[in-house]
>>> print(open('work_30.cif').read())   # mmCIF, C-alpha atoms and all ligand atoms; chains and numbers go by the auth columns
data_coords
loop_
_atom_site.group_PDB
_atom_site.id
_atom_site.type_symbol
_atom_site.label_atom_id
_atom_site.label_comp_id
_atom_site.label_asym_id
_atom_site.label_seq_id
_atom_site.Cartn_x
_atom_site.Cartn_y
_atom_site.Cartn_z
_atom_site.B_iso_or_equiv
_atom_site.auth_seq_id
_atom_site.auth_asym_id
ATOM 1 C CA MET A 1 31.486 -17.487 2.247 0.00 1 A
ATOM 2 C CA ASN A 2 28.312 -19.513 2.053 0.00 2 A
ATOM 3 C CA SER A 3 25.192 -17.370 1.653 0.00 3 A
ATOM 4 C CA ILE A 4 22.277 -18.486 3.785 0.00 4 A
ATOM 5 C CA ALA A 5 18.658 -17.365 3.347 0.00 5 A
ATOM 6 C CA ILE A 6 15.735 -17.998 5.658 0.00 6 A
ATOM 7 C CA CYS A 7 12.195 -18.669 4.374 0.00 7 A
ATOM 8 C CA PRO A 8 9.930 -18.309 7.420 0.00 8 A
ATOM 9 C CA GLY A 9 6.219 -19.028 7.718 0.00 9 A
ATOM 10 C CA SER A 10 3.454 -20.936 9.429 0.00 10 A
ATOM 11 C CA PHE A 11 3.236 -23.523 6.633 0.00 11 A
ATOM 12 C CA ASP A 12 -0.002 -24.951 8.029 0.00 12 A
ATOM 13 C CA PRO A 13 0.239 -26.801 5.659 0.00 13 A
ATOM 14 C CA ILE A 14 2.863 -26.114 2.985 0.00 14 A
ATOM 15 C CA THR A 15 1.345 -25.340 -0.458 0.00 15 A
ATOM 16 C CA ILE A 16 2.787 -25.350 -3.954 0.00 16 A
ATOM 17 C CA GLY A 17 2.898 -21.545 -3.656 0.00 17 A
ATOM 18 C CA HIS A 18 5.381 -21.926 -0.791 0.00 18 A
ATOM 19 C CA ILE A 19 7.362 -24.523 -2.755 0.00 19 A
ATOM 20 C CA ASN A 20 7.608 -22.068 -5.646 0.00 20 A
ATOM 21 C CA ILE A 21 9.188 -19.416 -3.392 0.00 21 A
ATOM 22 C CA ILE A 22 11.496 -21.939 -1.660 0.00 22 A
ATOM 23 C CA SER A 23 12.790 -23.465 -4.900 0.00 23 A
ATOM 24 C CA ARG A 24 13.411 -20.057 -6.495 0.00 24 A
ATOM 25 C CA THR A 25 15.228 -18.929 -3.328 0.00 25 A
ATOM 26 C CA ALA A 26 17.348 -22.088 -3.406 0.00 26 A
ATOM 27 C CA LYS A 27 18.658 -21.036 -6.837 0.00 27 A
ATOM 28 C CA MET A 28 19.879 -17.708 -5.444 0.00 28 A
ATOM 29 C CA PHE A 29 21.600 -18.767 -2.203 0.00 29 A
ATOM 30 C CA ASP A 30 23.997 -21.531 -1.163 0.00 30 A
ATOM 31 C CA LYS A 31 21.620 -22.703 1.538 0.00 31 A
ATOM 32 C CA VAL A 32 17.968 -22.069 2.369 0.00 32 A
ATOM 33 C CA ILE A 33 16.570 -22.741 5.820 0.00 33 A
ATOM 34 C CA VAL A 34 12.795 -23.079 5.809 0.00 34 A
ATOM 35 C CA VAL A 35 11.711 -22.343 9.353 0.00 35 A
ATOM 36 C CA VAL A 36 8.288 -23.078 10.757 0.00 36 A
ATOM 37 C CA MET A 37 7.214 -20.423 13.235 0.00 37 A
ATOM 38 C CA ILE A 38 4.165 -19.715 15.337 0.00 38 A
ATOM 39 C CA ASN A 39 2.095 -16.839 13.935 0.00 39 A
ATOM 40 C CA LYS A 40 0.423 -15.400 17.021 0.00 40 A
ATOM 41 C CA LYS A 41 -2.168 -13.632 14.845 0.00 41 A
ATOM 42 C CA LYS A 42 -3.444 -16.979 13.564 0.00 42 A
ATOM 43 C CA ASN A 43 -5.593 -19.554 15.380 0.00 43 A
ATOM 44 C CA SER A 44 -4.035 -22.763 16.669 0.00 44 A
ATOM 45 C CA GLY A 45 -2.958 -24.808 13.716 0.00 45 A
ATOM 46 C CA LEU A 46 -4.384 -27.744 11.815 0.00 46 A
ATOM 47 C CA PHE A 47 -1.000 -29.487 12.091 0.00 47 A
ATOM 48 C CA THR A 48 1.593 -29.562 14.889 0.00 48 A
ATOM 49 C CA LEU A 49 4.936 -27.870 14.295 0.00 49 A
ATOM 50 C CA GLU A 50 6.550 -31.294 13.972 0.00 50 A
ATOM 51 C CA GLU A 51 4.023 -32.420 11.352 0.00 51 A
ATOM 52 C CA ARG A 52 4.553 -29.235 9.349 0.00 52 A
ATOM 53 C CA VAL A 53 8.321 -29.731 9.453 0.00 53 A
ATOM 54 C CA ASN A 54 7.960 -33.330 8.277 0.00 54 A
ATOM 55 C CA PHE A 55 5.675 -32.274 5.420 0.00 55 A
ATOM 56 C CA ILE A 56 8.149 -29.622 4.280 0.00 56 A
ATOM 57 C CA ARG A 57 11.032 -32.130 4.463 0.00 57 A
ATOM 58 C CA LYS A 58 9.079 -34.604 2.330 0.00 58 A
ATOM 59 C CA CYS A 59 8.118 -31.968 -0.236 0.00 59 A
ATOM 60 C CA THR A 60 11.576 -30.379 -0.577 0.00 60 A
ATOM 61 C CA SER A 61 13.696 -33.545 -0.470 0.00 61 A
ATOM 62 C CA ASP A 62 14.599 -33.044 -4.143 0.00 62 A
ATOM 63 C CA ILE A 63 16.215 -29.633 -3.452 0.00 63 A
ATOM 64 C CA PRO A 64 19.645 -30.437 -1.985 0.00 64 A
ATOM 65 C CA ASN A 65 20.410 -27.050 -0.419 0.00 65 A
ATOM 66 C CA VAL A 66 17.195 -26.798 1.607 0.00 66 A
ATOM 67 C CA GLU A 67 17.097 -27.464 5.355 0.00 67 A
ATOM 68 C CA VAL A 68 13.969 -27.425 7.498 0.00 68 A
ATOM 69 C CA ASP A 69 13.698 -26.316 11.114 0.00 69 A
ATOM 70 C CA PHE A 70 11.262 -24.796 13.609 0.00 70 A
ATOM 71 C CA TYR A 71 11.668 -21.945 16.060 0.00 71 A
ATOM 72 C CA ASP A 72 9.417 -20.358 18.650 0.00 72 A
ATOM 73 C CA GLY A 73 11.304 -17.127 19.240 0.00 73 A
ATOM 74 C CA LEU A 74 12.082 -13.961 17.307 0.00 74 A
ATOM 75 C CA LEU A 75 12.829 -14.412 13.617 0.00 75 A
ATOM 76 C CA ALA A 76 15.597 -11.772 13.752 0.00 76 A
ATOM 77 C CA ASP A 77 17.392 -13.706 16.518 0.00 77 A
ATOM 78 C CA TYR A 78 17.041 -16.933 14.587 0.00 78 A
ATOM 79 C CA ALA A 79 18.420 -15.393 11.387 0.00 79 A
ATOM 80 C CA VAL A 80 21.461 -13.992 13.234 0.00 80 A
ATOM 81 C CA SER A 81 22.102 -17.297 15.034 0.00 81 A
ATOM 82 C CA LYS A 82 22.208 -19.073 11.669 0.00 82 A
ATOM 83 C CA GLY A 83 24.472 -16.480 10.046 0.00 83 A
ATOM 84 C CA ALA A 84 21.796 -15.711 7.423 0.00 84 A
ATOM 85 C CA VAL A 85 22.202 -12.777 5.051 0.00 85 A
ATOM 86 C CA ALA A 86 18.550 -12.642 4.008 0.00 86 A
ATOM 87 C CA ILE A 87 14.970 -13.372 4.976 0.00 87 A
ATOM 88 C CA VAL A 88 12.950 -14.139 1.841 0.00 88 A
ATOM 89 C CA LYS A 89 9.193 -13.534 1.903 0.00 89 A
ATOM 90 C CA GLY A 90 6.710 -14.229 -0.871 0.00 90 A
ATOM 91 C CA LEU A 91 4.283 -11.500 -1.911 0.00 91 A
ATOM 92 C CA ARG A 92 0.980 -12.393 -3.545 0.00 92 A
ATOM 93 C CA VAL A 93 -1.218 -9.341 -3.505 0.00 93 A
ATOM 94 C CA LEU A 94 -0.871 -5.746 -2.411 0.00 94 A
ATOM 95 C CA SER A 95 -2.641 -6.561 0.866 0.00 95 A
ATOM 96 C CA ASP A 96 0.297 -8.810 1.886 0.00 96 A
ATOM 97 C CA TYR A 97 2.555 -5.821 1.604 0.00 97 A
ATOM 98 C CA GLU A 98 1.593 -3.609 4.538 0.00 98 A
ATOM 99 C CA ASP A 99 2.170 -6.220 7.210 0.00 99 A
ATOM 100 C CA GLU A 100 5.283 -7.602 5.506 0.00 100 A
ATOM 101 C CA PHE A 101 6.749 -4.108 5.231 0.00 101 A
ATOM 102 C CA LYS A 102 6.319 -3.516 8.976 0.00 102 A
ATOM 103 C CA GLN A 103 7.845 -6.888 9.785 0.00 103 A
ATOM 104 C CA ALA A 104 10.792 -6.170 7.487 0.00 104 A
ATOM 105 C CA LEU A 105 11.479 -2.810 9.169 0.00 105 A
ATOM 106 C CA THR A 106 11.245 -4.398 12.616 0.00 106 A
ATOM 107 C CA ASN A 107 13.604 -7.187 11.660 0.00 107 A
ATOM 108 C CA LYS A 108 16.053 -4.694 10.189 0.00 108 A
ATOM 109 C CA LYS A 109 16.043 -2.783 13.457 0.00 109 A
ATOM 110 C CA LEU A 110 16.701 -5.979 15.429 0.00 110 A
ATOM 111 C CA ALA A 111 19.224 -7.488 13.023 0.00 111 A
ATOM 112 C CA LYS A 112 20.864 -4.802 10.906 0.00 112 A
ATOM 113 C CA ASN A 113 22.930 -7.176 8.776 0.00 113 A
ATOM 114 C CA VAL A 114 19.991 -9.304 7.652 0.00 114 A
ATOM 115 C CA GLU A 115 18.126 -8.029 4.583 0.00 115 A
ATOM 116 C CA THR A 116 14.491 -8.844 3.852 0.00 116 A
ATOM 117 C CA ILE A 117 13.898 -9.712 0.208 0.00 117 A
ATOM 118 C CA PHE A 118 10.384 -9.814 -1.251 0.00 118 A
ATOM 119 C CA MET A 119 9.864 -12.312 -4.017 0.00 119 A
ATOM 120 C CA VAL A 120 6.790 -11.791 -6.174 0.00 120 A
ATOM 121 C CA THR A 121 4.702 -14.898 -6.588 0.00 121 A
ATOM 122 C CA ASP A 122 4.370 -16.559 -9.959 0.00 122 A
ATOM 123 C CA THR A 123 0.920 -15.557 -11.235 0.00 123 A
ATOM 124 C CA GLU A 124 -0.606 -19.030 -11.026 0.00 124 A
ATOM 125 C CA TYR A 125 -0.141 -19.016 -7.236 0.00 125 A
ATOM 126 C CA MET A 126 -1.503 -15.539 -6.518 0.00 126 A
ATOM 127 C CA PHE A 127 -4.702 -16.829 -4.941 0.00 127 A
ATOM 128 C CA LEU A 128 -3.092 -19.659 -3.033 0.00 128 A
ATOM 129 C CA SER A 129 -2.643 -19.803 0.741 0.00 129 A
ATOM 130 C CA SER A 130 -2.788 -22.461 3.461 0.00 130 A
ATOM 131 C CA SER A 131 -6.195 -21.032 4.452 0.00 131 A
ATOM 132 C CA VAL A 132 -7.568 -21.503 0.924 0.00 132 A
ATOM 133 C CA VAL A 133 -6.397 -25.125 0.988 0.00 133 A
ATOM 134 C CA LYS A 134 -8.131 -25.752 4.334 0.00 134 A
ATOM 135 C CA GLU A 135 -11.331 -24.050 3.249 0.00 135 A
ATOM 136 C CA VAL A 136 -11.615 -25.839 -0.106 0.00 136 A
ATOM 137 C CA CYS A 137 -10.776 -29.187 1.485 0.00 137 A
ATOM 138 C CA SER A 138 -13.307 -28.738 4.294 0.00 138 A
ATOM 139 C CA PHE A 139 -16.054 -28.425 1.672 0.00 139 A
ATOM 140 C CA GLY A 140 -14.856 -31.553 -0.131 0.00 140 A
ATOM 141 C CA GLY A 141 -13.163 -29.660 -2.985 0.00 141 A
ATOM 142 C CA ASP A 142 -10.188 -31.005 -4.912 0.00 142 A
ATOM 143 C CA ILE A 143 -6.863 -29.687 -3.547 0.00 143 A
ATOM 144 C CA SER A 144 -4.635 -31.551 -6.045 0.00 144 A
ATOM 145 C CA ASP A 145 -3.512 -28.338 -7.736 0.00 145 A
ATOM 146 C CA PHE A 146 -2.831 -26.598 -4.422 0.00 146 A
ATOM 147 C CA VAL A 147 -0.575 -28.905 -2.403 0.00 147 A
ATOM 148 C CA PRO A 148 2.243 -31.348 -3.202 0.00 148 A
ATOM 149 C CA ALA A 149 0.914 -34.841 -3.987 0.00 149 A
ATOM 150 C CA GLN A 150 2.949 -36.384 -1.123 0.00 150 A
ATOM 151 C CA ILE A 151 0.877 -34.661 1.568 0.00 151 A
ATOM 152 C CA LYS A 152 -2.555 -34.356 -0.060 0.00 152 A
ATOM 153 C CA GLN A 153 -4.088 -37.365 1.699 0.00 153 A
ATOM 154 C CA ASP A 154 -2.731 -36.315 5.118 0.00 154 A
ATOM 155 C CA ILE A 155 -4.530 -32.996 4.733 0.00 155 A
ATOM 156 C CA ILE A 156 -7.802 -34.603 3.640 0.00 156 A
ATOM 157 C CA ASP A 157 -7.638 -37.055 6.560 0.00 157 A
ATOM 158 C CA ARG A 158 -6.948 -34.350 9.157 0.00 158 A
ATOM 159 C CA ILE A 159 -9.753 -32.099 7.883 0.00 159 A
ATOM 160 C CA ARG A 160 -12.158 -35.066 7.966 0.00 160 A
ATOM 161 C CA GLU A 161 -11.127 -35.872 11.563 0.00 161 A
ATOM 162 C CA ARG A 162 -11.756 -32.254 12.559 0.00 162 A
ATOM 163 C CA CYS A 163 -15.155 -32.157 10.861 0.00 163 A
ATOM 164 C CA VAL A 164 -16.639 -35.213 12.610 0.00 164 A
HETATM 165 P P1 LIG B . 2.615 -16.409 7.606 0.00 201 A
HETATM 166 O O1 LIG B . 1.906 -16.962 8.787 0.00 201 A
HETATM 167 O O2 LIG B . 3.920 -15.730 7.911 0.00 201 A
HETATM 168 O O3 LIG B . 1.722 -15.592 6.694 0.00 201 A
HETATM 169 P P2 LIG B . 2.539 -18.479 5.620 0.00 201 A
HETATM 170 O O4 LIG B . 2.881 -19.903 5.889 0.00 201 A
HETATM 171 O O5 LIG B . 1.115 -18.177 5.324 0.00 201 A
HETATM 172 O O6 LIG B . 3.090 -17.708 6.851 0.00 201 A
HETATM 173 O O7 LIG B . 3.452 -17.940 4.454 0.00 201 A
HETATM 174 C C1 LIG B . 4.840 -17.973 4.535 0.00 201 A
HETATM 175 C C2 LIG B . 5.435 -17.098 3.450 0.00 201 A
HETATM 176 O O8 LIG B . 5.091 -17.608 2.171 0.00 201 A
HETATM 177 C C3 LIG B . 4.929 -15.658 3.485 0.00 201 A
HETATM 178 O O9 LIG B . 6.004 -14.822 3.085 0.00 201 A
HETATM 179 C C4 LIG B . 3.845 -15.643 2.437 0.00 201 A
HETATM 180 O O10 LIG B . 3.655 -14.369 1.890 0.00 201 A
HETATM 181 C C5 LIG B . 4.452 -16.603 1.409 0.00 201 A
HETATM 182 N N1 LIG B . 3.437 -17.231 0.584 0.00 201 A
HETATM 183 C C6 LIG B . 2.381 -17.966 0.981 0.00 201 A
HETATM 184 N N2 LIG B . 1.651 -18.387 -0.077 0.00 201 A
HETATM 185 C C7 LIG B . 2.271 -17.890 -1.181 0.00 201 A
HETATM 186 C C8 LIG B . 2.012 -17.942 -2.589 0.00 201 A
HETATM 187 N N3 LIG B . 0.926 -18.580 -3.063 0.00 201 A
HETATM 188 N N4 LIG B . 2.871 -17.315 -3.424 0.00 201 A
HETATM 189 C C9 LIG B . 3.919 -16.649 -2.913 0.00 201 A
HETATM 190 N N5 LIG B . 4.230 -16.545 -1.617 0.00 201 A
HETATM 191 C C10 LIG B . 3.415 -17.157 -0.753 0.00 201 A
#
>>> encode(input="work_30.cif", output="structure tokens", more="lines below")
Ligand code: ADP
Amino acid sequence: MNSIAICPGSFDPITIGHINIISRTAKMFDKVIVVVMINKKKNSGLFTLEERVNFIRKCTSDIPNVEVDFYDGLLADYAVSKGAVAIVKGLRVLSDYEDEFKQALTNKKLAKNVETIFMVTDTEYMFLSSSVVKEVCSFGGDISDFVPAQIKQDIIDRIRERCV
């Protein structure tokens, strides 16, 4: 049987911290589906869902067992519909944990055969989030160490458009 894992997130935009989690997950499962979802707790995004999906495709094209998708429903339903055995979430700091723990328990209740697995970030990415990227970029800071080179200019251009 092929093991399928889901890596969900807003990915607005994808960072090298996300790539780290996705590529490590891809070594553990036969297939990884990275799914872009709407996080209702966050403001409307910098990029459309389609743009985020395209960015992730570009940045993961060298990992053969990664697929990219988007979904605007319940993650548990999506995971079941794909036959996934696991949802993999990255943990940076302790403050990530409380919300992730609640989400994991909810998803377990909704989809009892899908396990949530927490993967601890590599230390160099502990500080990194899509919000940090947007904030640094909006003040003209260098984001080269934060995002894949393929999408850096798209991010700079979009932030500039928004700032004028
Ligand atoms: P969400 O809106 O669900 O927080 P994000 O796009 O911010 O979505 O993150 C998606 C997933 O990637 C989450 O599990 C998050 O904890 C994880 N993640 C984000 N940045 C990092 C990082 N620098 N290191 C490890 N995991 C990360």
>>> resolve_selection(input="work_30.cif", expression="the PyMOL selection byres (((not hetatm)) within 8 of (chain A and resi 201))", output="VMD selection string")
chain A and resid 7 to 18 20 to 21 36 to 39 42 88 to 92 96 100 118 to 122 125 to 131
>>> atom_distance(input="work_30.cif", atom1="CA of Phe70 (chain A)", atom2="CA of Ile33 (chain A)")
9.6 Å
>>> atom_distance(input="work_30.cif", atom1="CA of Phe55 (chain A)", atom2="CA of Ile151 (chain A)")
6.6 Å
>>> closest_residue(input="work_30.cif", among="A:Ile4, A:Lys82, A:Arg158, A:Ala149", to="Thr25 (chain A)", atoms="all atoms listed in the file")
A:Ile4
>>> residues_around(input="work_30.cif", residues="Met28 (chain A)", least_positions_apart="2", cutoff="12 Å", atoms="all atoms listed in the file", output="list of chain:residue names")
A:Asn2, A:Ser3, A:Ile4, A:Ala5, A:Ile6, A:Ile21, A:Ile22, A:Ser23, A:Arg24, A:Thr25, A:Ala26, A:Asp30, A:Lys31, A:Val32, A:Asn65, A:Val66, A:Val85, A:Ala86, A:Val88, A:Ile117, A:Met119
>>> residues_around(input="work_30.cif", residues="Val133 (chain A)", least_positions_apart="4", cutoff="7 Å", atoms="only C-alpha atoms", output="list in words")
Ser129, Cys137, Ile143 and Phe146 of chain A
>>> write_last_selection(input="work_30.cif", atoms="C-alpha atoms", output="mmCIF file, keeping the file's coordinate frame")
data_model
loop_
_atom_site.group_PDB
_atom_site.id
_atom_site.type_symbol
_atom_site.label_atom_id
_atom_site.label_comp_id
_atom_site.auth_asym_id
_atom_site.auth_seq_id
_atom_site.Cartn_x
_atom_site.Cartn_y
_atom_site.Cartn_z
ATOM 1 C CA SER A 129 -2.643 -19.803 0.741
ATOM 2 C CA CYS A 137 -10.776 -29.187 1.485
ATOM 3 C CA ILE A 143 -6.863 -29.687 -3.547
ATOM 4 C CA PHE A 146 -2.831 -26.598 -4.422
#
>>> closest_residue(input="work_30.cif", among="A:Ala79, A:Asp99, A:Gln150, A:Val93", to="Thr123 (chain A)", atoms="only C-alpha atoms")
A:Val93
>>> axis_aligned_box(input="work_30.cif", around="region 134-143 of chain A", padding_each_side="3 Å", output="AutoDock Vina command-line options")
--center_x -11.5 --center_y -27.8 --center_z -0.3 --size_x 15.2 --size_y 13.5 --size_z 15.2
>>> atom_distance(input="work_30.cif", atom1="CA of Val136 (chain A)", atom2="CA of Ile155 (chain A)")
11.2 Å
>>> resolve_selection(input="work_30.cif", expression="the PyMOL selection byres (((chain A and resi 56) around 9) and not hetatm)", output="count of residues only")
16
>>> closest_residue(input="work_30.cif", among="A:Lys134, A:Arg162, A:Phe139, A:Asp77", to="Lys112 (chain A)", atoms="all atoms listed in the file")
A:Asp77
>>> closest_residue(input="work_30.cif", among="A:Glu67, A:Glu124, A:Asp72, A:Asp142", to="Lys40 (chain A)", atoms="only C-alpha atoms")
A:Asp72
>>> closest_residue(input="work_30.cif", among="A:Ile159, A:Leu46, A:Thr116, A:Tyr97", to="Ser138 (chain A)", atoms="all atoms listed in the file")
A:Ile159
